[in-house]
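Enquirer: Just protein_22.cif, nothing more (mmCIF, C-alpha atoms, pLDDT in the B column; chains and numbers go by the auth columns):
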data_entry
loop_
_atom_site.group_PDB
_atom_site.id
_atom_site.type_symbol
_atom_site.label_atom_id
_atom_site.label_comp_id
_atom_site.label_asym_id
_atom_site.label_seq_id
_atom_site.Cartn_x
_atom_site.Cartn_y
_atom_site.Cartn_z
_atom_site.B_iso_or_equiv
_atom_site.auth_seq_id
_atom_site.auth_asym_id
ATOM 1 C CA ASP A 1 119.595 -37.571 -17.024 74.00 268 A
ATOM 2 C CA VAL A 2 121.470 -34.751 -18.772 78.00 269 A
ATOM 3 C CA GLN A 3 122.329 -37.035 -21.703 79.00 270 A
ATOM 4 C CA ASP A 4 118.686 -38.115 -22.042 77.00 271 A
ATOM 5 C CA LEU A 5 117.517 -34.499 -21.915 78.00 272 A
ATOM 6 C CA LEU A 6 120.036 -33.473 -24.551 80.00 273 A
ATOM 7 C CA ARG A 7 118.986 -36.338 -26.819 79.00 274 A
ATOM 8 C CA GLU A 8 115.291 -35.472 -26.458 77.00 275 A
ATOM 9 C CA THR A 9 116.064 -31.800 -27.101 81.00 276 A
ATOM 10 C CA GLN A 10 117.992 -32.690 -30.260 79.00 277 A
ATOM 11 C CA GLU A 11 115.109 -34.886 -31.469 75.00 278 A
ATOM 12 C CA GLY A 12 112.673 -32.043 -30.806 73.00 279 A
ATOM 13 C CA ILE A 13 114.817 -29.558 -32.718 79.00 280 A
ATOM 14 C CA THR A 14 115.040 -31.999 -35.642 73.00 281 A
ATOM 15 C CA ARG A 15 111.241 -32.385 -35.701 67.00 282 A
ATOM 16 C CA VAL A 16 110.774 -28.603 -35.679 68.00 283 A
ATOM 17 C CA LYS A 17 113.320 -28.241 -38.498 69.00 284 A
ATOM 18 C CA ASN A 18 111.476 -30.854 -40.577 64.00 285 A
ATOM 19 C CA ILE A 19 108.114 -29.175 -39.977 65.00 286 A
ATOM 20 C CA ILE A 20 109.505 -25.791 -41.038 66.00 287 A
ATOM 21 C CA GLN A 21 111.034 -27.333 -44.165 60.00 288 A
ATOM 22 C CA ASP A 22 107.734 -29.032 -45.033 54.00 289 A
ATOM 23 C CA LEU A 23 105.869 -25.757 -44.605 59.00 290 A
ATOM 24 C CA LYS A 24 108.399 -23.977 -46.834 59.00 291 A
ATOM 25 C CA ASP A 25 108.067 -26.689 -49.488 54.00 292 A
ATOM 26 C CA PHE A 26 104.276 -26.565 -49.240 51.00 293 A
ATOM 27 C CA SER A 27 104.121 -22.801 -49.758 51.00 294 A
ATOM 28 C CA ARG A 28 106.993 -22.605 -52.232 50.00 295 A
ATOM 29 C CA SER A 29 106.528 -19.892 -54.903 43.00 296 A
ATOM 30 C CA ASN A 30 103.244 -18.698 -53.431 46.00 297 A
ATOM 31 C CA ALA A 31 104.583 -15.146 -53.331 47.00 298 A
ATOM 32 C CA ALA A 32 105.367 -14.897 -57.033 48.00 299 A
ATOM 33 C CA GLN A 33 102.462 -17.060 -58.257 66.00 300 A
ATOM 34 C CA ASN A 34 104.495 -17.694 -61.401 81.00 301 A
ATOM 35 C CA PHE A 35 104.621 -20.928 -63.333 89.00 302 A
ATOM 36 C CA THR A 36 107.867 -22.755 -62.680 90.00 303 A
ATOM 37 C CA LEU A 37 109.223 -26.275 -63.031 93.00 304 A
ATOM 38 C CA ALA A 38 108.497 -28.272 -59.895 93.00 305 A
ATOM 39 C CA ASP A 39 108.839 -31.764 -58.451 95.00 306 A
ATOM 40 C CA LEU A 40 105.219 -32.696 -57.703 95.00 307 A
ATOM 41 C CA GLN A 41 106.175 -35.680 -55.577 95.00 308 A
ATOM 42 C CA GLN A 42 108.318 -33.545 -53.276 93.00 309 A
ATOM 43 C CA GLY A 43 105.341 -31.210 -52.876 92.00 310 A
ATOM 44 C CA LEU A 44 103.034 -34.160 -52.260 95.00 311 A
ATOM 45 C CA ARG A 45 105.275 -35.629 -49.566 93.00 312 A
ATOM 46 C CA SER A 46 105.583 -32.272 -47.806 90.00 313 A
ATOM 47 C CA THR A 47 101.804 -31.892 -47.934 91.00 314 A
ATOM 48 C CA LEU A 48 101.298 -35.373 -46.463 93.00 315 A
ATOM 49 C CA ASN A 49 103.634 -34.515 -43.603 90.00 316 A
ATOM 50 C CA ILE A 50 101.636 -31.369 -42.876 88.00 317 A
ATOM 51 C CA VAL A 51 98.249 -33.148 -42.798 90.00 318 A
ATOM 52 C CA ALA A 52 99.493 -36.299 -41.043 89.00 319 A
ATOM 53 C CA GLY A 53 97.736 -35.354 -37.807 88.00 320 A
ATOM 54 C CA GLU A 54 94.408 -35.020 -39.626 87.00 321 A
ATOM 55 C CA VAL A 55 94.799 -38.227 -41.631 92.00 322 A
ATOM 56 C CA ARG A 56 96.431 -40.684 -39.205 91.00 323 A
ATOM 57 C CA PRO A 57 93.393 -41.231 -36.910 93.00 324 A
ATOM 58 C CA ARG A 58 91.143 -41.867 -39.922 93.00 325 A
ATOM 59 C CA ALA A 59 93.159 -43.704 -42.572 95.00 326 A
ATOM 60 C CA GLU A 60 96.418 -45.368 -43.513 95.00 327 A
ATOM 61 C CA LEU A 61 98.316 -44.079 -46.529 95.00 328 A
ATOM 62 C CA ASP A 62 99.500 -46.349 -49.329 96.00 329 A
ATOM 63 C CA LEU A 63 101.879 -44.551 -51.701 96.00 330 A
ATOM 64 C CA GLN A 64 102.250 -46.143 -55.140 96.00 331 A
ATOM 65 C CA LEU A 65 104.190 -43.378 -56.835 95.00 332 A
ATOM 66 C CA SER A 66 105.888 -43.717 -60.207 95.00 333 A
ATOM 67 C CA PRO A 67 108.614 -41.240 -61.178 94.00 334 A
ATOM 68 C CA LEU A 68 107.334 -37.982 -62.694 96.00 335 A
ATOM 69 C CA PRO A 69 109.100 -35.345 -64.770 97.00 336 A
ATOM 70 C CA ASP A 70 109.232 -31.821 -63.396 96.00 337 A
ATOM 71 C CA VAL A 71 105.940 -30.088 -64.200 96.00 338 A
ATOM 72 C CA GLU A 72 105.392 -26.455 -65.171 95.00 339 A
ATOM 73 C CA CYS A 73 102.985 -25.169 -62.524 93.00 340 A
ATOM 74 C CA VAL A 74 102.480 -22.898 -59.539 91.00 341 A
ATOM 75 C CA PRO A 75 103.740 -25.345 -56.886 90.00 342 A
ATOM 76 C CA SER A 76 101.923 -23.876 -53.878 86.00 343 A
ATOM 77 C CA GLN A 77 98.603 -24.065 -55.734 90.00 344 A
ATOM 78 C CA ILE A 78 99.097 -27.700 -56.739 94.00 345 A
ATOM 79 C CA ASN A 79 100.102 -28.492 -53.153 91.00 346 A
ATOM 80 C CA GLN A 80 96.817 -26.923 -52.050 91.00 347 A
ATOM 81 C CA VAL A 81 94.945 -29.281 -54.401 94.00 348 A
ATOM 82 C CA PHE A 82 96.833 -32.256 -52.952 95.00 349 A
ATOM 83 C CA LEU A 83 95.991 -31.119 -49.426 93.00 350 A
ATOM 84 C CA ASN A 84 92.286 -30.791 -50.254 92.00 351 A
ATOM 85 C CA MET A 85 92.214 -34.253 -51.845 94.00 352 A
ATOM 86 C CA VAL A 86 93.892 -35.989 -48.917 95.00 353 A
ATOM 87 C CA VAL A 87 91.815 -34.259 -46.238 92.00 354 A
ATOM 88 C CA ASN A 88 88.579 -34.969 -48.141 90.00 355 A
ATOM 89 C CA ALA A 89 89.536 -38.628 -48.496 92.00 356 A
ATOM 90 C CA ALA A 90 90.293 -38.900 -44.770 93.00 357 A
ATOM 91 C CA GLN A 91 87.043 -37.190 -43.815 89.00 358 A
ATOM 92 C CA ALA A 92 85.092 -39.565 -46.088 87.00 359 A
ATOM 93 C CA MET A 93 85.808 -42.449 -43.714 90.00 360 A
ATOM 94 C CA PRO A 94 82.821 -43.537 -41.592 86.00 361 A
ATOM 95 C CA PRO A 95 83.219 -42.904 -37.838 85.00 362 A
ATOM 96 C CA GLY A 96 85.161 -45.640 -36.094 85.00 363 A
ATOM 97 C CA HIS A 97 86.483 -47.028 -39.385 83.00 364 A
ATOM 98 C CA LEU A 98 90.219 -46.850 -40.095 91.00 365 A
ATOM 99 C CA GLY A 99 90.260 -46.656 -43.872 94.00 366 A
ATOM 100 C CA GLN A 100 92.926 -46.579 -46.538 96.00 367 A
ATOM 101 C CA ILE A 101 93.949 -43.829 -48.932 97.00 368 A
ATOM 102 C CA THR A 102 95.965 -44.959 -51.934 97.00 369 A
ATOM 103 C CA ILE A 103 97.909 -42.337 -53.864 97.00 370 A
ATOM 104 C CA ARG A 104 99.273 -43.171 -57.304 97.00 371 A
ATOM 105 C CA SER A 105 101.082 -41.168 -59.962 97.00 372 A
ATOM 106 C CA GLY A 106 102.177 -41.629 -63.538 97.00 373 A
ATOM 107 C CA THR A 107 102.539 -40.106 -66.983 97.00 374 A
ATOM 108 C CA GLU A 108 100.414 -40.434 -70.106 95.00 375 A
ATOM 109 C CA GLY A 109 101.646 -38.692 -73.238 94.00 376 A
ATOM 110 C CA ASN A 110 102.228 -35.035 -72.421 95.00 377 A
ATOM 111 C CA LEU A 111 100.320 -35.320 -69.134 96.00 378 A
ATOM 112 C CA VAL A 112 101.104 -36.315 -65.578 98.00 379 A
ATOM 113 C CA TRP A 113 98.406 -37.682 -63.302 98.00 380 A
ATOM 114 C CA VAL A 114 98.006 -38.151 -59.566 98.00 381 A
ATOM 115 C CA GLU A 115 95.195 -40.298 -58.144 97.00 382 A
ATOM 116 C CA PHE A 116 93.710 -40.236 -54.651 97.00 383 A
ATOM 117 C CA GLU A 117 91.573 -43.304 -53.935 97.00 384 A
ATOM 118 C CA ASP A 118 89.784 -44.004 -50.649 96.00 385 A
ATOM 119 C CA ASN A 119 87.590 -46.816 -49.371 94.00 386 A
ATOM 120 C CA GLY A 120 85.258 -44.446 -47.566 91.00 387 A
ATOM 121 C CA ALA A 121 81.545 -43.750 -47.895 87.00 388 A
ATOM 122 C CA GLY A 122 81.508 -43.134 -51.655 90.00 389 A
ATOM 123 C CA MET A 123 79.010 -40.933 -53.536 90.00 390 A
ATOM 124 C CA ASP A 124 76.029 -41.427 -55.795 89.00 391 A
ATOM 125 C CA ALA A 125 75.678 -39.791 -59.219 90.00 392 A
ATOM 126 C CA ALA A 126 73.524 -36.926 -57.924 89.00 393 A
ATOM 127 C CA THR A 127 76.161 -36.013 -55.342 86.00 394 A
ATOM 128 C CA ILE A 128 78.990 -36.223 -57.882 87.00 395 A
ATOM 129 C CA ASP A 129 77.133 -33.748 -60.090 87.00 396 A
ATOM 130 C CA ARG A 130 77.313 -31.160 -57.287 86.00 397 A
ATOM 131 C CA ILE A 131 80.639 -31.729 -55.543 84.00 398 A
ATOM 132 C CA PHE A 132 82.411 -28.937 -57.444 84.00 399 A
ATOM 133 C CA ASP A 133 79.684 -26.390 -56.647 83.00 400 A
ATOM 134 C CA PRO A 134 80.880 -23.737 -54.176 75.00 401 A
ATOM 135 C CA PHE A 135 79.653 -24.356 -50.608 70.00 402 A
ATOM 136 C CA PHE A 136 78.209 -27.795 -51.409 67.00 403 A
ATOM 137 C CA THR A 137 79.328 -30.344 -48.821 69.00 404 A
ATOM 138 C CA THR A 138 78.338 -33.803 -47.647 64.00 405 A
ATOM 139 C CA LYS A 139 80.178 -33.366 -44.352 57.00 406 A
ATOM 140 C CA ASP A 140 78.690 -32.751 -40.933 53.00 407 A
ATOM 141 C CA VAL A 141 77.976 -29.159 -39.952 46.00 408 A
ATOM 142 C CA GLY A 142 81.207 -27.486 -38.833 47.00 409 A
ATOM 143 C CA THR A 143 83.446 -30.034 -40.556 50.00 410 A
ATOM 144 C CA GLY A 144 83.890 -28.506 -43.999 53.00 411 A
ATOM 145 C CA THR A 145 83.282 -25.270 -45.886 53.00 412 A
ATOM 146 C CA GLY A 146 82.252 -26.842 -49.178 58.00 413 A
ATOM 147 C CA LEU A 147 84.995 -24.893 -50.964 67.00 414 A
ATOM 148 C CA GLY A 148 87.861 -27.407 -51.149 75.00 415 A
ATOM 149 C CA LEU A 149 86.834 -29.123 -54.375 87.00 416 A
ATOM 150 C CA SER A 150 85.615 -25.907 -55.982 83.00 417 A
ATOM 151 C CA VAL A 151 88.971 -24.243 -55.275 85.00 418 A
ATOM 152 C CA SER A 152 90.831 -27.353 -56.462 90.00 419 A
ATOM 153 C CA LEU A 153 88.912 -27.420 -59.738 90.00 420 A
ATOM 154 C CA GLY A 154 89.674 -23.741 -60.340 88.00 421 A
ATOM 155 C CA ILE A 155 93.380 -24.309 -59.760 89.00 422 A
ATOM 156 C CA VAL A 156 93.506 -27.355 -62.041 94.00 423 A
ATOM 157 C CA GLN A 157 91.610 -25.497 -64.774 92.00 424 A
ATOM 158 C CA ARG A 158 94.052 -22.579 -64.549 91.00 425 A
ATOM 159 C CA HIS A 159 96.775 -25.162 -65.169 93.00 426 A
ATOM 160 C CA HIS A 160 94.801 -26.414 -68.203 94.00 427 A
ATOM 161 C CA GLY A 161 94.216 -29.777 -66.589 95.00 428 A
ATOM 162 C CA GLN A 162 91.181 -31.714 -65.458 96.00 429 A
ATOM 163 C CA ILE A 163 89.815 -33.709 -62.530 95.00 430 A
ATOM 164 C CA LEU A 164 88.184 -37.088 -63.131 95.00 431 A
ATOM 165 C CA VAL A 165 85.887 -38.587 -60.500 95.00 432 A
ATOM 166 C CA ASN A 166 84.919 -42.212 -60.016 94.00 433 A
ATOM 167 C CA SER A 167 82.803 -43.207 -57.002 93.00 434 A
ATOM 168 C CA THR A 168 80.465 -45.921 -55.732 93.00 435 A
ATOM 169 C CA PRO A 169 78.370 -45.581 -52.552 93.00 436 A
ATOM 170 C CA GLY A 170 79.683 -47.847 -49.822 89.00 437 A
ATOM 171 C CA VAL A 171 82.829 -48.687 -51.805 93.00 438 A
ATOM 172 C CA GLY A 172 84.865 -45.502 -52.108 94.00 439 A
ATOM 173 C CA THR A 173 85.972 -42.693 -54.363 95.00 440 A
ATOM 174 C CA ARG A 174 88.839 -42.016 -56.735 96.00 441 A
ATOM 175 C CA PHE A 175 89.912 -38.542 -57.851 96.00 442 A
ATOM 176 C CA ARG A 176 92.388 -38.343 -60.725 97.00 443 A
ATOM 177 C CA ILE A 177 94.153 -35.040 -61.388 97.00 444 A
ATOM 178 C CA GLU A 178 95.665 -34.657 -64.853 97.00 445 A
ATOM 179 C CA LEU A 179 98.060 -31.807 -65.638 97.00 446 A
ATOM 180 C CA PRO A 180 100.088 -30.943 -68.724 97.00 447 A
ATOM 181 C CA ILE A 181 103.826 -31.333 -68.202 96.00 448 A
ATOM 182 C CA ARG A 182 104.390 -27.998 -69.970 95.00 449 A
ATOM 183 C CA GLN A 183 102.092 -25.039 -70.458 90.00 450 A
ATOM 184 C CA THR A 184 101.714 -24.308 -74.184 81.00 451 A
ATOM 185 C CA PRO A 185 99.497 -22.060 -76.329 68.00 452 A
ATOM 186 C CA ALA A 186 97.646 -25.235 -77.372 55.00 453 A
ATOM 187 C CA ASN A 187 96.158 -25.448 -73.857 53.00 454 A
ATOM 188 C CA ALA A 188 94.656 -22.003 -74.142 43.00 455 A
ATOM 189 C CA GLN A 189 91.183 -22.797 -72.794 41.00 456 A
ATOM 190 C CA PRO A 190 90.426 -24.236 -69.338 39.00 457 A
ATOM 191 C CA GLN A 191 88.753 -27.657 -69.244 41.00 458 A
ATOM 192 C CA GLU A 192 85.426 -28.342 -67.585 41.00 459 A
ATOM 193 C CA HIS A 193 85.610 -31.106 -65.005 42.00 460 A
ATOM 194 C CA ALA A 194 84.941 -34.589 -66.317 45.00 461 A
ATOM 195 C CA LEU A 195 82.819 -37.050 -64.388 44.00 462 A
ATOM 196 C CA GLU A 196 83.623 -40.718 -64.808 44.00 463 A
ATOM 197 C CA GLN A 197 81.257 -43.303 -63.371 43.00 464 A
ATOM 198 C CA HIS A 198 81.727 -46.960 -62.516 40.00 465 A
ATOM 199 C CA PRO A 199 80.065 -49.151 -65.160 38.00 466 A
#
Since I need it in another form, could you write the structure as structure tokens?

Expert:
Amino acid sequence: DVQDLLRETQEGITRVKNIIQDLKDFSRSNAAQNFTLADLQQGLRSTLNIVAGEVRPRAELDLQLSPLPDVECVPSQINQVFLNMVVNAAQAMPPGHLGQITIRSGTEGNLVWVEFEDNGAGMDAATIDRIFDPFFTTKDVGTGTGLGLSVSLGIVQRHHGQILVNSTPGVGTRFRIELPIRQTPANAQPQEHALEQHP
């Protein structure tokens, strides 16, 4: 019994260590709030570990990640955007339906992009037009604050990037976050969010 107890204790300590490391990675640089070079995929994986308990009962994750260069950003803020995207996707699943969230990444010119696609309830055009408004939410009372997407848009704009949205009711939704690899004077003005519809 002592050997079994020791093994279980060691496994517990390892889990706690991993959780602490994930939390440190998630909040990395949030004290300084300075732009620094960061591995977005490391931040994404840490974020997924943190929200696993929220996501697992609602959806399976499918990671289709291509290698990314280090990106000049405030890592903790980008991790917050990732967290909001994943939680929103999980909460978009109808009750009793185990859905799927597919996360992709890639580069395009001087940009990197990360996509979050779900097969949840989807949204119509009128809803899409309002999703970035503060306090607007399609969730049940007590489930959401209506601030996640508004905060995410503000963060992405401060990084001189944009969020593209593509959604069909009853089919699902795809959010695509595009960020410049480096911050330059050429990106001086924030972008308004772009809305992309299915044909």

Enquirer: Give as a list of chain:residue names every residue, naming chains and numbers as the document does, that has an atom within 8 Å of (108.4, -32.5, -60.5), counting all atoms listed in the file.

Expert: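 Residues found, by chain and rising number: A:Leu304, A:Ala305, A:Asp306, A:Leu307, A:Gln308, A:Gln309, A:Leu335, A:Pro336, A:Asp337, A:Val338.
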
Enquirer: Just the residues within 10 Å of Arg441 of chain A, please, counting all atoms listed in the file, with nothing from its chain fewer than 3 positions along; format it as a list in words.

Expert: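 Close residues of Arg441 of chain A: Met352, Ala356, Ile368, Thr369, Ile370, Glu382, Phe383, Glu384, Asp385, Asn386, Gly389, Leu431, Val432, Asn433, Ser434, Thr435, Ile444 and Glu463 of chain A.
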
Enquirer: Name the residues captured by the PyMOL selection byres ((chain A and resi 437) around 7) when it is applied to the shown file; answer as a list in words.

Expert: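 Selected by the PyMOL selection byres ((chain A and resi 437) around 7) here: Gly387, Ala388, Gly389, Thr435, Pro436, Val438 and Gly439 of chain A.
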
Enquirer: So how far away is atom CA of Val348 of chain A from atom CA of Glu321 of chain A, in Å?

Expert: 15.9 Å

Enquirer: Report, in Å with one decimal, the straight-line distance from atom CA of Ile395 of chain A to atom CA of Ser417 of chain A.

Expert: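 The value is 12.4 Å.
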
Enquirer: Could you pull the residues within 7 Å of Ala326 of chain A, counting all atoms listed in the file, minus those fewer than 3 positions along the same chain, as a count of residues only?

Expert: 7

Enquirer: Just to confirm, what's the straight-line distance from atom CA of Arg325 of chain A to atom CA of Met360 of chain A in Å (one decimal)?

Expert: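 Interatomic distance here is 6.6 Å.
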
Enquirer: If we count all atoms listed in the file and set the cut-off at 10 Å, which residues sit around Arg449 of chain A, ignoring sequence neighbours fewer than 4 positions away in its own chain? Please answer as an mmCIF file with C-alpha atoms, in the frame of the given file.

Expert:
data_model
loop_
_atom_site.group_PDB
_atom_site.id
_atom_site.type_symbol
_atom_site.label_atom_id
_atom_site.label_comp_id
_atom_site.auth_asym_id
_atom_site.auth_seq_id
_atom_site.Cartn_x
_atom_site.Cartn_y
_atom_site.Cartn_z
ATOM 1 C CA PHE A 302 104.621 -20.928 -63.333
ATOM 2 C CA THR A 303 107.867 -22.755 -62.680
ATOM 3 C CA LEU A 304 109.223 -26.275 -63.031
ATOM 4 C CA ASP A 337 109.232 -31.821 -63.396
ATOM 5 C CA VAL A 338 105.940 -30.088 -64.200
ATOM 6 C CA GLU A 339 105.392 -26.455 -65.171
ATOM 7 C CA CYS A 340 102.985 -25.169 -62.524
ATOM 8 C CA ASN A 377 102.228 -35.035 -72.421
ATOM 9 C CA LEU A 378 100.320 -35.320 -69.134
ATOM 10 C CA VAL A 379 101.104 -36.315 -65.578
ATOM 11 C CA HIS A 426 96.775 -25.162 -65.169
ATOM 12 C CA HIS A 427 94.801 -26.414 -68.203
ATOM 13 C CA ASN A 454 96.158 -25.448 -73.857
#

Enquirer: For this structure, which residues satisfy the selection - the PyMOL selection byres ((chain A and resi 421) around 12) - when it is evaluated on the file as given? I want them as a compact mmCIF listing (two decimals) with C-alpha atoms, in the frame of the given file.

Expert:
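Output file expr.txt follows:
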# COMPACT_ATOMS: atom_id res chain seq x y z
CA GLN A 344 98.60 -24.06 -55.73
CA ILE A 345 99.10 -27.70 -56.74
CA GLN A 347 96.82 -26.92 -52.05
CA VAL A 348 94.94 -29.28 -54.40
CA PHE A 399 82.41 -28.94 -57.44
CA ASP A 400 79.68 -26.39 -56.65
CA PRO A 401 80.88 -23.74 -54.18
CA LEU A 414 85.00 -24.89 -50.96
CA GLY A 415 87.86 -27.41 -51.15
CA LEU A 416 86.83 -29.12 -54.38
CA SER A 417 85.62 -25.91 -55.98
CA VAL A 418 88.97 -24.24 -55.28
CA SER A 419 90.83 -27.35 -56.46
CA LEU A 420 88.91 -27.42 -59.74
CA ILE A 422 93.38 -24.31 -59.76
CA VAL A 423 93.51 -27.36 -62.04
CA GLN A 424 91.61 -25.50 -64.77
CA ARG A 425 94.05 -22.58 -64.55
CA HIS A 426 96.78 -25.16 -65.17
CA HIS A 427 94.80 -26.41 -68.20
CA GLY A 428 94.22 -29.78 -66.59
CA GLN A 429 91.18 -31.71 -65.46
CA ILE A 430 89.82 -33.71 -62.53
CA PRO A 457 90.43 -24.24 -69.34
CA GLN A 458 88.75 -27.66 -69.24
CA GLU A 459 85.43 -28.34 -67.58
CA HIS A 460 85.61 -31.11 -65.00

Enquirer: Which residues, written as a PyMOL selection string, have at least one atom at most 12 Å from Ala319 of chain A, with all atoms listed in the file counted and residues fewer than 4 positions away on the same chain left out?

Expert: chain A and resi 286+289+311-315+323-328+350+353-354+357

Enquirer: Please, what is the axis-aligned box for every listed atom of segment 354-366 of chain A with 5 Å on each side, as centre and edge lengths in Å to one decimal, as lines of an AutoDock Vina configuration file?

Expert:
center_x = 87.3
center_y = -40.6
center_z = -42.3
size_x = 19.0
size_y = 22.8
size_z = 22.4

Enquirer: Using only C-alpha atoms, which of the listed residues (A:Gln358, A:Ser372, A:Gln277, A:Asn346) sits closest to Asn316 of chain A?

Expert: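 Answer, going by the shortest atom-to-atom distance: A:Asn346.
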
Enquirer: Using all atoms listed in the file, pick whichever of A:Phe349, A:Ile398, A:Leu446, A:Glu375 has the shortest atom-to-atom distance to Val318 of chain A.

Expert: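 Of all the options, A:Phe349 lies closest to Val318 of chain A.
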